[in-house]
Amino acid sequence: MYSFNNWRFQYTALHRQRDCYLARRRTMTAMPTRSDVMETLKGVIDPELGSDLVDLGMIQDVRVDDDGVVTIDLALTIAECPMRNQIESDTVRKVGSLPGVTRVDVRTTAMTKQQRADLMTTARFRVRERAEPTKLSPTTRVIAVSSGKGGVGKSSASTNLALATAARGYRVGLLDADIWGFSIPRMLNIKERITANEDRNLVPVEAFGLKVVSTGLIVESEETALMWRGLMLSKALEQFLKQVEWGDLDYLFIDMPPGTGDVQMALTRLLPQAEMVVVTTPQQAAQKVAIRVADMARRSFMPVVAALENMSHFVCDHGQTYELFGSGGGAELADMLNVPLIGSIPIDPLMVAGGDTGLPVVVHAPDSPSARAFREATERLLEIVPPAQDETCTGRIAKLLEALPVTSHSE
């Protein structure tokens, strides 16, 4: 029989053997490096922003101790981030699966204001890079006609710019993205409703050579109020881009809602090729507000290509010019945005009446001052944003050949 001392000796020896085995195992298992941990953290995705923690700059520091303890300094947009528990648990689970890691400690802090700004810039850029395909051709030029506030004539500008572009022989669509305040159907005197084809895709209504889509062509009447919240607005825009048979368009003009809300943010996600024209009136109050929509566009990586001044002046029957809303707002806005001012549209009773009766001035009063101003503005806009085919190598060669002098050869 074993004595107590013999049993204690054997027990101690077994423990020493176990400790030696564990020590050898730790030596044989390579400890993860900081680079290993950072690479693993690229697999942890922020559920709201859709990018990984490393790409978003949320990992402030990583330390790997000799005993296998990994400490991660994680910065969230706000301390009370609703996704905090999920992000922390995903971090612990993924890093904890690395060979040699014995424990994962996550120390969470809140970002500074500058860190949040940098993060949102990265997040917006990544969203635009991952834009899902729409029914629009990649070569379609998309012009978002925008304003900082309502009442500056943005819808009239969208309509007449689109019509003037179509008059030059281009295939043009007009999307009324002002979901609540739709007015394009009245401006084009459209009475019919949008229909669906066999594939359950919407078919645009055609008017004056334009392919037109608007919520005003879906609701029961012009007086019907749409009580939709942010997600519904974004989904409506998404449907107009993904489930409408636009066909091959050279240009799509989008009449945007005023301001910097859900539709504007959805557009930057859905149409990375979109470019913005900002509409303002001469008065400083409108011009200062217009800067905000341009700021939102640039933060979302949407180029602002031009400014357009509406209601710039009024010329009476005696030839006297009156600047009813002040002067210089359009030029000042263009200077601040470092973009060209493509036109100053005068106040024209024909344009006001045409908007109510569905007789756009570009079509029904082509010699009016406002129609001439819209055609000139359109010409400048198309110089800034030429058709996509004109920017291909073949298109550029064709332009050069057209510019060559013609030499007549006599026999």
# chains A, B, ... in the order shown; residues from 1 in each chain; ligands from 1

call {"tool": "residues_around", "arguments": {"residues": "Ala294 (chain A)", "least_positions_apart": "6", "cutoff": "12 Å", "atoms": "only C-alpha atoms", "output": "ChimeraX atom specification"}}
result
/A:144-148,258-260,264,275-280,287-288,300-307,333-334,336-339

call {"tool": "write_last_selection", "arguments": {"atoms": "N, CA and C atoms", "output": "PDB file, in the first residue's frame"}}
result
ATOM      1  N   ALA A 144     -28.782  66.242 -60.508  1.00  0.00           N
ATOM      2  CA  ALA A 144     -29.679  66.478 -59.376  1.00  0.00           C
ATOM      3  C   ALA A 144     -29.855  67.980 -59.210  1.00  0.00           C
ATOM      4  N   VAL A 145     -31.054  68.472 -59.525  1.00  0.00           N
ATOM      5  CA  VAL A 145     -31.342  69.903 -59.402  1.00  0.00           C
ATOM      6  C   VAL A 145     -31.855  70.142 -57.981  1.00  0.00           C
ATOM      7  N   SER A 146     -31.087  70.903 -57.204  1.00  0.00           N
ATOM      8  CA  SER A 146     -31.330  70.979 -55.755  1.00  0.00           C
ATOM      9  C   SER A 146     -31.411  72.429 -55.293  1.00  0.00           C
ATOM     10  N   SER A 147     -31.952  72.583 -54.103  1.00  0.00           N
ATOM     11  CA  SER A 147     -32.001  73.902 -53.466  1.00  0.00           C
ATOM     12  C   SER A 147     -31.974  73.721 -51.961  1.00  0.00           C
ATOM     13  N   GLY A 148     -31.560  74.769 -51.275  1.00  0.00           N
ATOM     14  CA  GLY A 148     -31.519  74.696 -49.826  1.00  0.00           C
ATOM     15  C   GLY A 148     -32.881  74.872 -49.194  1.00  0.00           C
ATOM     16  N   PRO A 258     -36.351  70.105 -51.419  1.00  0.00           N
ATOM     17  CA  PRO A 258     -35.449  71.106 -50.832  1.00  0.00           C
ATOM     18  C   PRO A 258     -34.799  70.590 -49.557  1.00  0.00           C
ATOM     19  N   GLY A 259     -33.622  71.108 -49.261  1.00  0.00           N
ATOM     20  CA  GLY A 259     -32.972  70.778 -47.996  1.00  0.00           C
ATOM     21  C   GLY A 259     -31.998  69.622 -48.094  1.00  0.00           C
ATOM     22  N   THR A 260     -31.715  69.042 -46.924  1.00  0.00           N
ATOM     23  CA  THR A 260     -30.674  68.009 -46.806  1.00  0.00           C
ATOM     24  C   THR A 260     -31.198  66.818 -46.018  1.00  0.00           C
ATOM     25  N   GLN A 264     -32.000  63.064 -50.189  1.00  0.00           N
ATOM     26  CA  GLN A 264     -30.672  63.485 -50.642  1.00  0.00           C
ATOM     27  C   GLN A 264     -29.614  62.451 -50.257  1.00  0.00           C
ATOM     28  N   GLU A 275     -24.545  64.261 -60.246  1.00  0.00           N
ATOM     29  CA  GLU A 275     -23.868  65.549 -60.073  1.00  0.00           C
ATOM     30  C   GLU A 275     -24.935  66.606 -59.811  1.00  0.00           C
ATOM     31  N   MET A 276     -24.583  67.627 -59.057  1.00  0.00           N
ATOM     32  CA  MET A 276     -25.596  68.558 -58.552  1.00  0.00           C
ATOM     33  C   MET A 276     -25.491  69.943 -59.185  1.00  0.00           C
ATOM     34  N   VAL A 277     -26.669  70.501 -59.497  1.00  0.00           N
ATOM     35  CA  VAL A 277     -26.817  71.911 -59.843  1.00  0.00           C
ATOM     36  C   VAL A 277     -27.634  72.552 -58.725  1.00  0.00           C
ATOM     37  N   VAL A 278     -27.119  73.612 -58.128  1.00  0.00           N
ATOM     38  CA  VAL A 278     -27.779  74.266 -57.002  1.00  0.00           C
ATOM     39  C   VAL A 278     -28.534  75.493 -57.502  1.00  0.00           C
ATOM     40  N   VAL A 279     -29.832  75.563 -57.189  1.00  0.00           N
ATOM     41  CA  VAL A 279     -30.680  76.677 -57.602  1.00  0.00           C
ATOM     42  C   VAL A 279     -30.883  77.617 -56.420  1.00  0.00           C
ATOM     43  N   THR A 280     -30.778  78.915 -56.684  1.00  0.00           N
ATOM     44  CA  THR A 280     -31.003  79.913 -55.644  1.00  0.00           C
ATOM     45  C   THR A 280     -31.680  81.126 -56.260  1.00  0.00           C
ATOM     46  N   GLN A 287     -29.469  82.299 -50.738  1.00  0.00           N
ATOM     47  CA  GLN A 287     -28.109  81.900 -51.120  1.00  0.00           C
ATOM     48  C   GLN A 287     -27.383  81.235 -49.956  1.00  0.00           C
ATOM     49  N   LYS A 288     -27.554  81.752 -48.751  1.00  0.00           N
ATOM     50  CA  LYS A 288     -26.890  81.162 -47.579  1.00  0.00           C
ATOM     51  C   LYS A 288     -27.426  79.767 -47.288  1.00  0.00           C
ATOM     52  N   SER A 300     -20.841  63.973 -49.121  1.00  0.00           N
ATOM     53  CA  SER A 300     -21.259  62.651 -49.585  1.00  0.00           C
ATOM     54  C   SER A 300     -20.582  62.280 -50.903  1.00  0.00           C
ATOM     55  N   PHE A 301     -19.581  63.053 -51.298  1.00  0.00           N
ATOM     56  CA  PHE A 301     -18.800  62.797 -52.516  1.00  0.00           C
ATOM     57  C   PHE A 301     -19.629  62.941 -53.786  1.00  0.00           C
ATOM     58  N   MET A 302     -20.658  63.792 -53.768  1.00  0.00           N
ATOM     59  CA  MET A 302     -21.394  64.130 -54.985  1.00  0.00           C
ATOM     60  C   MET A 302     -20.859  65.459 -55.513  1.00  0.00           C
ATOM     61  N   PRO A 303     -20.341  65.502 -56.730  1.00  0.00           N
ATOM     62  CA  PRO A 303     -19.796  66.747 -57.261  1.00  0.00           C
ATOM     63  C   PRO A 303     -20.881  67.810 -57.456  1.00  0.00           C
ATOM     64  N   VAL A 304     -20.584  69.033 -57.075  1.00  0.00           N
ATOM     65  CA  VAL A 304     -21.441  70.178 -57.384  1.00  0.00           C
ATOM     66  C   VAL A 304     -20.835  70.848 -58.610  1.00  0.00           C
ATOM     67  N   VAL A 305     -21.582  70.885 -59.710  1.00  0.00           N
ATOM     68  CA  VAL A 305     -20.996  71.311 -60.983  1.00  0.00           C
ATOM     69  C   VAL A 305     -21.388  72.718 -61.398  1.00  0.00           C
ATOM     70  N   ALA A 306     -22.490  73.248 -60.858  1.00  0.00           N
ATOM     71  CA  ALA A 306     -22.928  74.573 -61.319  1.00  0.00           C
ATOM     72  C   ALA A 306     -23.942  75.166 -60.354  1.00  0.00           C
ATOM     73  N   ALA A 307     -24.115  76.488 -60.472  1.00  0.00           N
ATOM     74  CA  ALA A 307     -25.164  77.208 -59.753  1.00  0.00           C
ATOM     75  C   ALA A 307     -26.073  77.869 -60.779  1.00  0.00           C
ATOM     76  N   LEU A 333     -22.938  82.786 -54.676  1.00  0.00           N
ATOM     77  CA  LEU A 333     -23.004  81.352 -54.385  1.00  0.00           C
ATOM     78  C   LEU A 333     -22.009  80.594 -55.260  1.00  0.00           C
ATOM     79  N   ALA A 334     -21.971  80.934 -56.546  1.00  0.00           N
ATOM     80  CA  ALA A 334     -21.044  80.257 -57.459  1.00  0.00           C
ATOM     81  C   ALA A 334     -19.596  80.477 -57.027  1.00  0.00           C
ATOM     82  N   MET A 336     -18.513  81.077 -53.967  1.00  0.00           N
ATOM     83  CA  MET A 336     -18.265  80.345 -52.722  1.00  0.00           C
ATOM     84  C   MET A 336     -18.092  78.851 -52.983  1.00  0.00           C
ATOM     85  N   LEU A 337     -18.827  78.337 -53.976  1.00  0.00           N
ATOM     86  CA  LEU A 337     -18.735  76.913 -54.291  1.00  0.00           C
ATOM     87  C   LEU A 337     -17.651  76.621 -55.322  1.00  0.00           C
ATOM     88  N   ASN A 338     -17.081  77.676 -55.889  1.00  0.00           N
ATOM     89  CA  ASN A 338     -16.053  77.535 -56.930  1.00  0.00           C
ATOM     90  C   ASN A 338     -16.590  76.754 -58.128  1.00  0.00           C
ATOM     91  N   VAL A 339     -17.794  77.121 -58.550  1.00  0.00           N
ATOM     92  CA  VAL A 339     -18.415  76.520 -59.729  1.00  0.00           C
ATOM     93  C   VAL A 339     -18.941  77.643 -60.614  1.00  0.00           C
TER      94      VAL A 339
END

call {"tool": "residues_around", "arguments": {"residues": "Leu98 (chain A)", "least_positions_apart": "3", "cutoff": "9 Å", "atoms": "only C-alpha atoms", "output": "PyMOL selection string"}}
result
chain A and resi 31-32+36-37+40+94-95+101

call {"tool": "residues_around", "arguments": {"residues": "region 174-184 of chain A", "least_positions_apart": "3", "cutoff": "7 Å", "atoms": "only C-alpha atoms", "output": "list in words"}}
result
Ser155, Ala162, Met187, Leu188, Leu210, Lys211, Val212, Val213, Ser214, Thr215, Gly216, Leu226, Leu233, Leu237, Leu252, Phe253, Ile254, Asp255, Met256 and Pro257 of chain A

call {"tool": "atom_distance", "arguments": {"atom1": "CA of Asn197 (chain A)", "atom2": "CA of Tyr251 (chain A)"}}
result
22.9 Å

call {"tool": "atom_distance", "arguments": {"atom1": "CA of Ile218 (chain A)", "atom2": "CA of Gln273 (chain A)"}}
result
26.8 Å

call {"tool": "atom_distance", "arguments": {"atom1": "CA of Ala157 (chain A)", "atom2": "CA of Asn310 (chain A)"}}
result
8.0 Å

call {"tool": "closest_residue", "arguments": {"among": "A:Thr281, A:Thr195, A:Thr159, A:Ser327", "to": "Val244 (chain A)", "atoms": "only C-alpha atoms"}}
result
A:Thr195

call {"tool": "select_by_dssp", "arguments": {"residues": "region 172-331 of chain A", "states": "strand (DSSP E)", "output": "JSON, numbers by chain"}}
result
{"A": [172, 173, 174, 175, 176, 195, 196, 202, 203, 205, 206, 207, 210, 211, 212, 213, 214, 251, 252, 253, 254, 255, 274, 275, 276, 277, 278, 279, 280, 304, 305, 306, 307, 308, 309, 310, 314, 315, 321, 322]}

call {"tool": "closest_residue", "arguments": {"among": "A:Arg141, A:Arg126, A:Arg171, A:Lys135", "to": "Asn201 (chain A)", "atoms": "only C-alpha atoms"}}
result
A:Lys135

call {"tool": "closest_residue", "arguments": {"among": "A:Leu308, A:Asp250, A:Leu217, A:Cys81", "to": "Thr165 (chain A)", "atoms": "only C-alpha atoms"}}
result
A:Asp250
